[in-house]
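Novice: Sending over a structure as structure tokens; questions will come in a sec.
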Number of protein chains: 2
Amino acid sequence: VAQQPQGPVLKVALVGGGTVGSQVARLLRENADELAARSGARLELAGVAVRDAGKTRVGLPLDLLTTDAVALASSGADIVVELMGGVEVAHEVVVAALRTGSSVVTANKALIAQHGAELHALAREHGVDLYYEAAVAGAIPLLQPLTSSLAGDRITRVLGIVNGTTNYILTRMGEEGAAFDEVLADAQALGYAEADPTADVGGHDAAAKAAIVAGLAFHTAVTAADVHVEGITSISVDDVAAAGDMGFVVKLLAIAEEVPGGICVRVHPTMVPRTHPLASVREAFNAVFVTAEAAGEVMFYGRGAGGTPTASAVLGDVVTVARHRVSGVVGPTLSTHAERPVLPIGEAITAYYVNLHVDDRPGVLAMVASLFAEHSVSIAGVRQEGSGDEATLIVRTHRARDADLQATIADLRESPVVRAVAGLMRVEGAD
Amino acid sequence: VAQQPQGPVLKVALVGGGTVGSQVARLLRENADELAARSGARLELAGVAVRDAGKTRVGLPLDLLTTDAVALASSGADIVVELMGGVEVAHEVVVAALRTGSSVVTANKALIAQHGAELHALAREHGVDLYYEAAVAGAIPLLQPLTSSLAGDRITRVLGIVNGTTNYILTRMGEEGAAFDEVLADAQALGYAEADPTADVGGHDAAAKAAIVAGLAFHTAVTAADVHVEGITSISVDDVAAAGDMGFVVKLLAIAEEVPGGICVRVHPTMVPRTHPLASVREAFNAVFVTAEAAGEVMFYGRGAGGTPTASAVLGDVVTVARHRVSGVVGPTLSTHAERPVLPIGEAITAYYVNLHVDDRPGVLAMVASLFAEHSVSIAGVRQEGSGDEATLIVRTHRARDADLQATIADLRESPVVRAVAGLMRVEGAD
């Protein structure tokens with residue numbers, strides 16, 4: 001039985017009464033004593049801003065409802081929790097809260113990816129906290145471990161499956177041979193994909209998360225606009241099956257890593273060896289694989305979305321921020337002291353799998369191989385399949401500059417012996 | 001290029017100059033600017049206590065060496081890092097440091113599992129930090145996520161592979177059919193197992209870690225003496241192969257979970273379904289699988305031991321503690337406010353796999369099944385194999401009270417139709 005702890009009362013204002021917001025309100029109420037014992041303060045719900053106060057919401061106290069989000073955010077709560085989503089109004093809400101001296105907890109990846117640097121500066125100026133664990137990989141503790149547990153180490157690379165919708169689609173395409181459109185429709189029916197799936201399948205959701213993680217991992221200001229993005233809409237069942245034949249699975253990876261002269265942040269479909277820990281992350285689960293100089297490889301795995309998992313991450317931040325307010329301090333903030341150049345995709349160091357339809361005659365392999373060599377791209381393996389009109393060369397390269405790989409592909413498309421570049425995908429985790 | 005940040009100088013005293021200590025000293029020196037930028041203070045190595053100052057140690061500055069560990073710990077450093085191991089002298093060192101007003105970072109699981117409550121009380125009394133991320137699962141961020149990221153959630157269960165030596169041995173027994181003794185000898189040659197492997201193979205190392213994790217997860221004082229321990233020395237290749245035939249792998253799990261009336265903490269060989277995320281944790285890797293009410297299932301994976309991975313975790317704590325000293329605060333400490341009863345293994349809720357040599361005549365299955373039923377143990381599945389003298393019943397139960405399962409086994413041993421209980425192992429993660 002939890003004791004009834006003493007301690008100050010902290011007012012919590014909740015902006016957004018949807019799936020996550022109503023779970024946060026429920027857990028604040030149901031676990032009040034336990035949260036008080038852990039945070040050193042009683043957390044009192046001071047108000048909930050919703051879009052339509054007329055709609056009944058299970059678990060939301062009606063007398064606390066308001067439709068004026070900015071007014072609630074400016075009302076002097078100790079902690080403002082922003083869960084409304086979108087960028088413009090959310091930005092106004094968070095700015096109002098920080099300026100009023102409220103600490104802010106948000107799950108809004110798009111907001112942080114776009115305005116993180118400005119909002120962190122504002123938080124510093126007003127001596128308050130800005131936390132957003134729920135913005136990346138839902139319930140999986142990731143941002144606090146990156147900024148605290150790994151704070152004494154040098155992170156060199158982050159590979160993440162950070163979008164559950166696309167992972168669900170790719171899992172089913174790989175395991176059942178189902179077509180993209182078919183699986184997308186199922187995902188929409190199951191609530192794993194939204195009616196307009198563009199942000200997910202186009203890779204933009206993952207790109208916002210990649211920008212946030214890259215900023216924390218490399219102590220550098222990174223926005224979503226710095227991230228190279230390719231979605232999964234052009235991935236066919238054949239691509240996934242061909243990858244499977246070679247012992248790979250296809251994943252949409254968010255990648256942030258050191259490259260010569262800076263860092264590079266990218267999101268694209270990627271072939272991952274079946275033996276890699278990320279390969280076994282199925283369906284709507286998320287996982288983030290971090291490589292650090294001293295720690296080696298560590299991975300974080302769990303549910304990346306959903307009302308209660310996201311609420312768990314939000315409440316973890318609320319308890320952390322409450323502890324800070326009780327002690328009169330703020331936590332470590334995003335530090336961009338390293339100011340590393342964020343380089344374009346051409347500077348990434350990656351490997352390619354290439355499927356070429358070629359003429360079936362002597363000397364073709366030599367001509368193709370020489371094109372790779374001209375761009376200093378070393379070949380890891382070649383397999384020749386079929387003959388006549390079906391003649392195919394499957395080439396897997398060693399790691400090389402992406403620009404050199406792209407130049408090689410451009411030359412291959414022009415080569416008289418290559419009839420088509422039929423398949424092309426980056427490979428990670430195979431070295 | 002990192003800027004040369006301003007900020008106070010914090011003195012760091014290092015007690016222990018072995019594998020981990022020399023890595024910590026190296027990283028403090030090589031990453032000095034970056035650590036200063038992240039912690040807000042320059043971290044200056046004030047002294048290193050070693051067992052034998054005459055031995056040359058790569059990377060340890062000779063003028064800083066001393067053999068008087070307690071004197072160094074009492075010298076007023078801002079942060080004392082205890083990496084000497086053992087319990088008695090380490091206890092004296094940490095007590096001296098805390099009493100002097102130094103914050104302490106340690107990787108000493110045995111010390112914390114035995115004296116954690118007393119040392120936390122001392123740290124509170126003197127207004128300093130006591131951190132020990134490296135004590136459990138090496139480089140894997142676990143304790144900070146449990147106490148911060150999941151602070152707003154209710155953890156119901158922790159399943160961990162927290163001993164690399166035994167996981168390496170069980171992996172090779174399962175994948176190659178190699179015998180325990182043979183693999184242990186290899187593990188010793190590779191440096192994965194110590195000359196005296198008792199602490200690892202007997203489960204005591206895992207038990208100390210289980211006690212620490214249980215304390216943090218359930219806000220309750222738990223010591224190693226509260227943990228039920230069974231090691232892997234009696235596991236045969238046949239046990240592992242039989243588990244494999246049924247789609248399971250054998251892992252030494254540390255388990256801390258809610259049970260009716262309290263919590264139960266135990267370490268024992270366990271059958272885990274091959275589809276469970278813990279099943280794919282191979283060789284010397286560690287992983288901890290946490291179930292929380294709102295977050296659902298999250299897993300942390302990485303290297304559980306080794307000089308540099310452990311040094312990474314130590315330095316993460318050093319940076320966190322340094323930030324606190326710069327701000328003049330202390331972090332959240334072990335809170336035992338929940339004071340949940342720690343119950344014996346008999347109160348655990350688990351499932352059993354049982355391999356019975358039985359008489360080959362009609363009615364045997366009915367008699368065996370009735371013994372399970374008498375103790376309210378429900379059978380999940382039965383397979384009959386062989387005949388005559390080879391007649392075998394393989395029974396898998398549903399989850400039940402461990403005491404009821406043990407009573408059932410005792411009755412089976414007495415039963416006239418049962419010739420031997422040939423195999424017996426708990427099963428987790430199958431429900």
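Letters A, B, ... go to the chains of the structure tokens in the order shown; residues in each chain start at 1; ligands are counted from 1 in the same order.
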Which residues are close to Thr165 (chain B), i.e. within 12 Å by only C-alpha atoms, leaving aside same-chain residues fewer than 6 positions away? Reply as a compact mmCIF listing (two decimals) with all heavy atoms, in the first residue's frame.
Specialist:
```txt
# COMPACT_ATOMS: atom_id res chain seq x y z
N THR B 171 23.55 -20.89 -24.95
CA THR B 171 23.43 -20.71 -26.40
C THR B 171 24.17 -21.82 -27.13
O THR B 171 23.64 -22.46 -28.04
CB THR B 171 24.01 -19.34 -26.84
OG1 THR B 171 23.31 -18.30 -26.16
CG2 THR B 171 23.86 -19.14 -28.34
N ARG B 172 25.41 -22.09 -26.69
CA ARG B 172 26.19 -23.11 -27.38
C ARG B 172 25.65 -24.51 -27.11
O ARG B 172 25.68 -25.37 -28.00
CB ARG B 172 27.67 -22.98 -26.99
CG ARG B 172 28.29 -21.74 -27.65
CD ARG B 172 29.78 -21.82 -27.75
NE ARG B 172 30.25 -23.07 -28.31
CZ ARG B 172 31.47 -23.56 -28.13
NH1 ARG B 172 32.34 -22.88 -27.41
NH2 ARG B 172 31.83 -24.70 -28.67
N PHE B 180 27.82 -29.09 -21.10
CA PHE B 180 28.06 -27.97 -20.19
C PHE B 180 29.55 -27.78 -19.89
O PHE B 180 30.08 -26.68 -20.04
CB PHE B 180 27.26 -28.20 -18.89
CG PHE B 180 27.53 -27.19 -17.83
CD1 PHE B 180 26.89 -25.96 -17.85
CD2 PHE B 180 28.42 -27.45 -16.80
CE1 PHE B 180 27.14 -25.01 -16.87
CE2 PHE B 180 28.68 -26.51 -15.81
CZ PHE B 180 28.04 -25.29 -15.84
N VAL B 183 31.64 -26.47 -22.88
CA VAL B 183 31.40 -25.07 -23.22
C VAL B 183 31.95 -24.16 -22.13
O VAL B 183 32.50 -23.09 -22.41
CB VAL B 183 29.89 -24.79 -23.41
CG1 VAL B 183 29.68 -23.37 -23.89
CG2 VAL B 183 29.30 -25.77 -24.40
N LEU B 184 31.83 -24.58 -20.87
CA LEU B 184 32.37 -23.77 -19.78
C LEU B 184 33.87 -23.58 -19.96
O LEU B 184 34.40 -22.47 -19.80
CB LEU B 184 32.07 -24.42 -18.43
CG LEU B 184 32.69 -23.73 -17.20
CD1 LEU B 184 32.22 -22.28 -17.08
CD2 LEU B 184 32.34 -24.50 -15.92
N ALA B 185 34.57 -24.65 -20.33
CA ALA B 185 36.03 -24.56 -20.55
C ALA B 185 36.33 -23.56 -21.67
O ALA B 185 37.23 -22.73 -21.55
CB ALA B 185 36.59 -25.93 -20.87
N ASP B 186 35.55 -23.63 -22.76
CA ASP B 186 35.73 -22.67 -23.86
C ASP B 186 35.48 -21.24 -23.38
O ASP B 186 36.22 -20.31 -23.72
CB ASP B 186 34.74 -22.96 -25.00
CG ASP B 186 35.20 -24.10 -25.88
OD1 ASP B 186 36.27 -24.67 -25.59
OD2 ASP B 186 34.49 -24.40 -26.85
N ALA B 187 34.41 -21.07 -22.61
CA ALA B 187 34.06 -19.74 -22.12
C ALA B 187 35.18 -19.19 -21.25
O ALA B 187 35.49 -17.99 -21.31
CB ALA B 187 32.75 -19.80 -21.34
N GLN B 188 35.80 -20.05 -20.46
CA GLN B 188 36.92 -19.60 -19.63
C GLN B 188 38.09 -19.18 -20.51
O GLN B 188 38.72 -18.16 -20.27
CB GLN B 188 37.32 -20.70 -18.64
CG GLN B 188 36.28 -20.83 -17.52
CD GLN B 188 36.49 -22.07 -16.65
OE1 GLN B 188 36.86 -23.12 -17.17
NE2 GLN B 188 36.22 -21.94 -15.36
N ALA B 189 38.36 -19.97 -21.57
CA ALA B 189 39.47 -19.65 -22.48
C ALA B 189 39.23 -18.32 -23.19
O ALA B 189 40.15 -17.55 -23.43
CB ALA B 189 39.65 -20.77 -23.50
N LEU B 190 37.95 -18.03 -23.51
CA LEU B 190 37.60 -16.80 -24.22
C LEU B 190 37.48 -15.59 -23.29
O LEU B 190 37.25 -14.47 -23.74
CB LEU B 190 36.27 -16.98 -24.96
CG LEU B 190 36.28 -17.84 -26.21
CD1 LEU B 190 34.86 -18.25 -26.60
CD2 LEU B 190 36.94 -17.08 -27.36
N GLY B 191 37.56 -15.83 -21.99
CA GLY B 191 37.42 -14.72 -21.05
C GLY B 191 35.97 -14.40 -20.73
O GLY B 191 35.68 -13.41 -20.07
N TYR B 192 35.02 -15.22 -21.19
CA TYR B 192 33.61 -15.01 -20.87
C TYR B 192 33.27 -15.55 -19.48
O TYR B 192 32.23 -15.23 -18.92
CB TYR B 192 32.69 -15.69 -21.89
CG TYR B 192 32.65 -15.03 -23.24
CD1 TYR B 192 32.16 -15.72 -24.35
CD2 TYR B 192 33.05 -13.71 -23.41
CE1 TYR B 192 32.10 -15.12 -25.59
CE2 TYR B 192 32.99 -13.10 -24.65
CZ TYR B 192 32.51 -13.82 -25.74
OH TYR B 192 32.44 -13.24 -26.97
N ALA B 193 34.11 -16.48 -18.98
CA ALA B 193 33.84 -17.04 -17.66
C ALA B 193 35.11 -16.96 -16.82
O ALA B 193 36.22 -17.02 -17.36
CB ALA B 193 33.38 -18.50 -17.78
N GLU B 194 34.93 -16.80 -15.52
CA GLU B 194 36.08 -16.68 -14.64
C GLU B 194 36.61 -18.06 -14.26
O GLU B 194 35.94 -19.07 -14.46
CB GLU B 194 35.69 -15.90 -13.40
CG GLU B 194 35.17 -14.52 -13.78
CD GLU B 194 35.01 -13.59 -12.60
OE1 GLU B 194 35.79 -13.72 -11.63
OE2 GLU B 194 34.11 -12.75 -12.66
N ALA B 195 37.83 -18.07 -13.72
CA ALA B 195 38.45 -19.34 -13.31
C ALA B 195 37.55 -20.05 -12.31
O ALA B 195 37.34 -21.26 -12.39
CB ALA B 195 39.83 -19.06 -12.70
N ASP B 196 37.00 -19.29 -11.35
CA ASP B 196 35.98 -19.86 -10.46
C ASP B 196 34.62 -19.36 -10.94
O ASP B 196 34.23 -18.23 -10.69
CB ASP B 196 36.22 -19.40 -9.02
CG ASP B 196 35.10 -19.91 -8.10
OD1 ASP B 196 34.18 -20.60 -8.59
OD2 ASP B 196 35.16 -19.60 -6.90
N PRO B 197 33.89 -20.21 -11.65
CA PRO B 197 32.65 -19.74 -12.30
C PRO B 197 31.42 -19.81 -11.41
O PRO B 197 30.31 -19.57 -11.88
CB PRO B 197 32.51 -20.71 -13.48
CG PRO B 197 33.09 -21.99 -12.96
CD PRO B 197 34.16 -21.63 -11.95
N THR B 198 31.61 -20.12 -10.12
CA THR B 198 30.46 -20.37 -9.24
C THR B 198 29.43 -19.25 -9.26
O THR B 198 28.23 -19.50 -9.36
CB THR B 198 30.95 -20.59 -7.79
OG1 THR B 198 32.10 -21.41 -7.82
CG2 THR B 198 29.87 -21.22 -6.94
N ALA B 199 29.90 -18.01 -9.13
CA ALA B 199 28.96 -16.89 -9.02
C ALA B 199 28.08 -16.80 -10.26
O ALA B 199 26.89 -16.48 -10.18
CB ALA B 199 29.71 -15.58 -8.82
N ASP B 200 28.67 -17.09 -11.43
CA ASP B 200 27.89 -17.03 -12.67
C ASP B 200 26.98 -18.25 -12.83
O ASP B 200 25.77 -18.11 -12.91
CB ASP B 200 28.84 -16.93 -13.87
CG ASP B 200 29.55 -15.58 -13.93
OD1 ASP B 200 28.90 -14.57 -13.61
OD2 ASP B 200 30.73 -15.55 -14.28
N VAL B 201 27.58 -19.45 -12.89
CA VAL B 201 26.78 -20.63 -13.21
C VAL B 201 25.84 -21.01 -12.07
O VAL B 201 24.83 -21.68 -12.29
CB VAL B 201 27.66 -21.84 -13.63
CG1 VAL B 201 28.47 -21.50 -14.87
CG2 VAL B 201 28.54 -22.31 -12.50
N GLY B 202 26.16 -20.57 -10.84
CA GLY B 202 25.27 -20.84 -9.72
C GLY B 202 24.11 -19.87 -9.63
O GLY B 202 23.23 -20.02 -8.78
N GLY B 203 24.10 -18.82 -10.49
CA GLY B 203 22.99 -17.87 -10.52
C GLY B 203 23.10 -16.72 -9.53
O GLY B 203 22.23 -15.85 -9.49
N ASP B 205 25.31 -14.18 -9.34
CA ASP B 205 25.51 -12.88 -10.01
C ASP B 205 24.17 -12.36 -10.51
O ASP B 205 23.82 -11.19 -10.29
CB ASP B 205 26.49 -13.08 -11.18
CG ASP B 205 26.62 -11.84 -12.04
OD1 ASP B 205 27.43 -10.97 -11.71
OD2 ASP B 205 25.89 -11.74 -13.05
N ALA B 206 23.41 -13.21 -11.16
CA ALA B 206 22.09 -12.79 -11.67
C ALA B 206 21.15 -12.42 -10.51
O ALA B 206 20.34 -11.49 -10.64
CB ALA B 206 21.47 -13.91 -12.51
N GLY B 231 20.92 -22.29 -10.28
CA GLY B 231 21.87 -22.08 -11.37
C GLY B 231 21.65 -23.04 -12.51
O GLY B 231 20.61 -23.71 -12.59
N ILE B 232 22.64 -23.11 -13.41
CA ILE B 232 22.47 -23.94 -14.61
C ILE B 232 23.33 -25.20 -14.57
O ILE B 232 23.40 -25.93 -15.56
CB ILE B 232 22.78 -23.17 -15.90
CG1 ILE B 232 24.27 -22.76 -15.95
CG2 ILE B 232 21.90 -21.94 -16.03
CD1 ILE B 232 24.71 -22.37 -17.36
N LYS B 251 16.92 -20.49 -21.06
CA LYS B 251 17.64 -19.29 -20.65
C LYS B 251 17.68 -19.24 -19.13
O LYS B 251 16.73 -19.69 -18.47
CB LYS B 251 16.90 -18.04 -21.17
CG LYS B 251 16.82 -17.91 -22.69
CD LYS B 251 18.18 -17.62 -23.26
CE LYS B 251 18.17 -17.37 -24.76
NZ LYS B 251 19.56 -17.29 -25.29
N LEU B 252 18.76 -18.69 -18.59
CA LEU B 252 18.77 -18.40 -17.16
C LEU B 252 18.12 -17.03 -17.00
O LEU B 252 18.70 -16.01 -17.38
CB LEU B 252 20.19 -18.37 -16.59
CG LEU B 252 20.25 -18.11 -15.08
CD1 LEU B 252 19.72 -19.32 -14.29
CD2 LEU B 252 21.67 -17.79 -14.62
N ARG B 282 21.50 -14.01 -27.95
CA ARG B 282 22.47 -15.10 -28.03
C ARG B 282 23.79 -14.74 -27.35
O ARG B 282 24.06 -13.60 -27.05
CB ARG B 282 22.72 -15.46 -29.49
CG ARG B 282 21.47 -15.98 -30.21
CD ARG B 282 21.71 -16.18 -31.69
NE ARG B 282 22.72 -17.17 -31.95
CZ ARG B 282 23.95 -16.90 -32.40
NH1 ARG B 282 24.30 -15.65 -32.66
NH2 ARG B 282 24.84 -17.87 -32.59
N GLU B 283 24.58 -15.77 -27.11
CA GLU B 283 25.96 -15.63 -26.62
C GLU B 283 26.03 -14.77 -25.37
O GLU B 283 25.23 -14.93 -24.47
CB GLU B 283 26.83 -15.15 -27.76
CG GLU B 283 26.71 -16.15 -28.94
CD GLU B 283 27.77 -16.01 -29.99
OE1 GLU B 283 28.22 -14.89 -30.22
OE2 GLU B 283 28.14 -17.04 -30.59
N ALA B 284 27.00 -13.85 -25.32
CA ALA B 284 27.21 -13.13 -24.05
C ALA B 284 26.35 -11.87 -23.94
O ALA B 284 26.54 -11.06 -23.04
CB ALA B 284 28.67 -12.79 -23.89
N PHE B 285 25.38 -11.68 -24.87
CA PHE B 285 24.54 -10.49 -24.79
C PHE B 285 23.56 -10.60 -23.62
O PHE B 285 23.23 -11.69 -23.16
CB PHE B 285 23.78 -10.28 -26.10
CG PHE B 285 24.62 -9.60 -27.15
CD1 PHE B 285 25.44 -10.33 -27.99
CD2 PHE B 285 24.63 -8.22 -27.25
CE1 PHE B 285 26.25 -9.71 -28.92
CE2 PHE B 285 25.43 -7.58 -28.19
CZ PHE B 285 26.24 -8.32 -29.03
N ASN B 286 23.11 -9.45 -23.17
CA ASN B 286 22.10 -9.35 -22.11
C ASN B 286 20.86 -8.69 -22.70
O ASN B 286 20.94 -7.97 -23.70
CB ASN B 286 22.59 -8.45 -20.97
CG ASN B 286 23.57 -9.12 -20.01
OD1 ASN B 286 23.79 -8.64 -18.92
ND2 ASN B 286 24.18 -10.23 -20.43
N ARG B 303 25.41 -5.28 -24.68
CA ARG B 303 26.49 -6.02 -24.03
C ARG B 303 26.43 -5.83 -22.53
O ARG B 303 26.40 -4.72 -22.04
CB ARG B 303 27.85 -5.54 -24.54
CG ARG B 303 28.10 -5.99 -25.93
CD ARG B 303 29.53 -5.75 -26.41
NE ARG B 303 29.55 -5.99 -27.84
CZ ARG B 303 29.59 -7.20 -28.38
NH1 ARG B 303 29.68 -8.25 -27.61
NH2 ARG B 303 29.57 -7.35 -29.68
N GLY B 304 26.43 -6.96 -21.81
CA GLY B 304 26.26 -6.89 -20.37
C GLY B 304 27.55 -6.81 -19.59
O GLY B 304 27.52 -6.61 -18.38
N ALA B 305 28.67 -6.94 -20.26
CA ALA B 305 29.93 -6.94 -19.52
C ALA B 305 31.05 -6.46 -20.43
O ALA B 305 30.83 -6.08 -21.57
CB ALA B 305 30.23 -8.35 -19.01
N GLY B 306 32.26 -6.46 -19.89
CA GLY B 306 33.40 -6.01 -20.67
C GLY B 306 33.85 -4.64 -20.21
O GLY B 306 33.06 -3.84 -19.72
```
Novice: For Gly296 (chain B), find every residue with an atom within 12 Å (counting only C-alpha atoms), except residues of its own chain fewer than 2 positions away, and show them as a PyMOL selection string.
Specialist: (chain A and resi 138-140+285+301-313) or (chain B and resi 150+153-158+289-294+298-299)
Novice: When you draw a straight line from CA of Thr67 (chain B) to CA of Glu82 (chain B), how long is it in Å?
Specialist: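 CA of Glu82 (chain B) lies 13.7 Å from CA of Thr67 (chain B).
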Novice: Please identify which residues in region 117-350 of chain A DSSP calls strand (DSSP E or B) from the backbone, and express them as JSON, numbers by chain.
Specialist: {"A": [130, 131, 155, 156, 157, 158, 159, 160, 161, 228, 229, 248, 249, 250, 251, 252, 253, 254, 255, 256, 257, 258, 259, 262, 263, 264, 265, 266, 267, 268, 269, 270, 271, 272, 273, 285, 286, 287, 288, 289, 290, 291, 292, 296, 297, 298, 299, 300, 301, 302, 303, 342, 349, 350]}
Novice: Just checking: using only C-alpha atoms, which residue out of B:Leu412, B:Val240, B:Ala422, B:Thr19 ends up closest to Ala373 (chain B)?
Specialist: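 Looking at the shortest contact to Ala373 (chain B), the residue is B:Leu412.
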Novice: Might you pull out every residue within 9 Å of Ser75 (chain B), with only C-alpha atoms counted and same-chain residues fewer than 4 positions away left off, and present them as a short mmCIF file (atom, residue, chain, number, x, y, z; two decimals) with all heavy atoms, in the first residue's frame?
Specialist:
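Once written, around-v9.cif looks like this:
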```cif
data_model
loop_
_atom_site.label_atom_id
_atom_site.label_comp_id
_atom_site.auth_asym_id
_atom_site.auth_seq_id
_atom_site.Cartn_x
_atom_site.Cartn_y
_atom_site.Cartn_z
N ALA B 13 37.52 10.91 -8.13
CA ALA B 13 38.45 9.93 -7.56
C ALA B 13 38.02 8.54 -8.00
O ALA B 13 36.85 8.17 -7.89
CB ALA B 13 38.45 10.03 -6.03
N VAL B 70 40.55 3.90 0.98
CA VAL B 70 39.65 4.62 1.89
C VAL B 70 40.09 6.07 2.04
O VAL B 70 39.25 6.98 2.07
CB VAL B 70 39.59 3.90 3.26
CG1 VAL B 70 38.73 4.69 4.25
CG2 VAL B 70 39.00 2.50 3.09
N ALA B 71 41.41 6.29 2.10
CA ALA B 71 41.90 7.67 2.20
C ALA B 71 41.51 8.47 0.96
O ALA B 71 41.05 9.61 1.06
CB ALA B 71 43.42 7.68 2.37
N ALA B 97 33.12 7.77 1.33
CA ALA B 97 32.86 8.79 0.31
C ALA B 97 31.57 9.54 0.60
O ALA B 97 31.52 10.77 0.58
CB ALA B 97 32.81 8.13 -1.07
N THR B 100 31.79 11.89 3.46
CA THR B 100 32.59 13.08 3.16
C THR B 100 31.82 14.06 2.27
O THR B 100 32.30 15.15 1.98
CB THR B 100 33.91 12.65 2.46
OG1 THR B 100 34.46 11.52 3.15
CG2 THR B 100 34.93 13.77 2.46
N SER B 102 30.87 13.26 -0.89
CA SER B 102 31.11 12.96 -2.30
C SER B 102 29.92 12.18 -2.86
O SER B 102 29.37 11.32 -2.17
CB SER B 102 32.36 12.10 -2.46
OG SER B 102 33.49 12.72 -1.88
#
```
Novice: Name the residues in contact with Ala121 (chain B) at a cut-off of 10 Å, using only C-alpha atoms, excluding same-chain residues fewer than 6 positions from it; report them as a VMD selection string.
Specialist: chain B and resid 127 130 333 to 335
Novice: Name the residues in contact with Arg26 (chain A) at a cut-off of 10 Å, using only C-alpha atoms, excluding same-chain residues fewer than 3 positions from it; report them as a list in words.
Specialist: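 Those residues are Val20, Gly21, Ser22, Gln23, Arg29, Glu30, Asn31, Ala32, Val58, Gly59, Leu60, Pro61, Thr308 and Ala311 of chain A.
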Novice: Take CA of Ala110 (chain B) and CA of His126 (chain B) and report the distance between them in Å, one decimal.
Specialist: 22.7 Å
Novice: Compile the contact shell of Phe248 (chain B) as a VMD selection string: residues with an atom at most 9 Å away, counting only C-alpha atoms, same-chain residues fewer than 3 positions apart removed.
Specialist: chain B and resid 240 242 to 245 271 to 275 279 427
Novice: Could you give me, as a list in words, the residues within 12 Å of region 413-416 of chain B, counting only C-alpha atoms and dropping anything in the same chain fewer than 3 positions from it?
Specialist: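 Near neighbours after the sequence-gap exclusion: Val354, Asn355, Leu356, His357, Val358, Asp359, Val364, Met367, Val368, Ala369, Ser370, Leu371, Phe372, Gln406, Ala407, Thr408, Ile409, Ala410, Arg419, Ala420, Val421, Ala422, Gly423 and Leu424 of chain B.
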Novice: Using only C-alpha atoms for the distances, tell me which of A:Asp431, A:Pro332, A:Glu133, A:His375 is nearest to Gly40 (chain B).
Specialist: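 Selected residue with least distance to Gly40 (chain B): A:Pro332.
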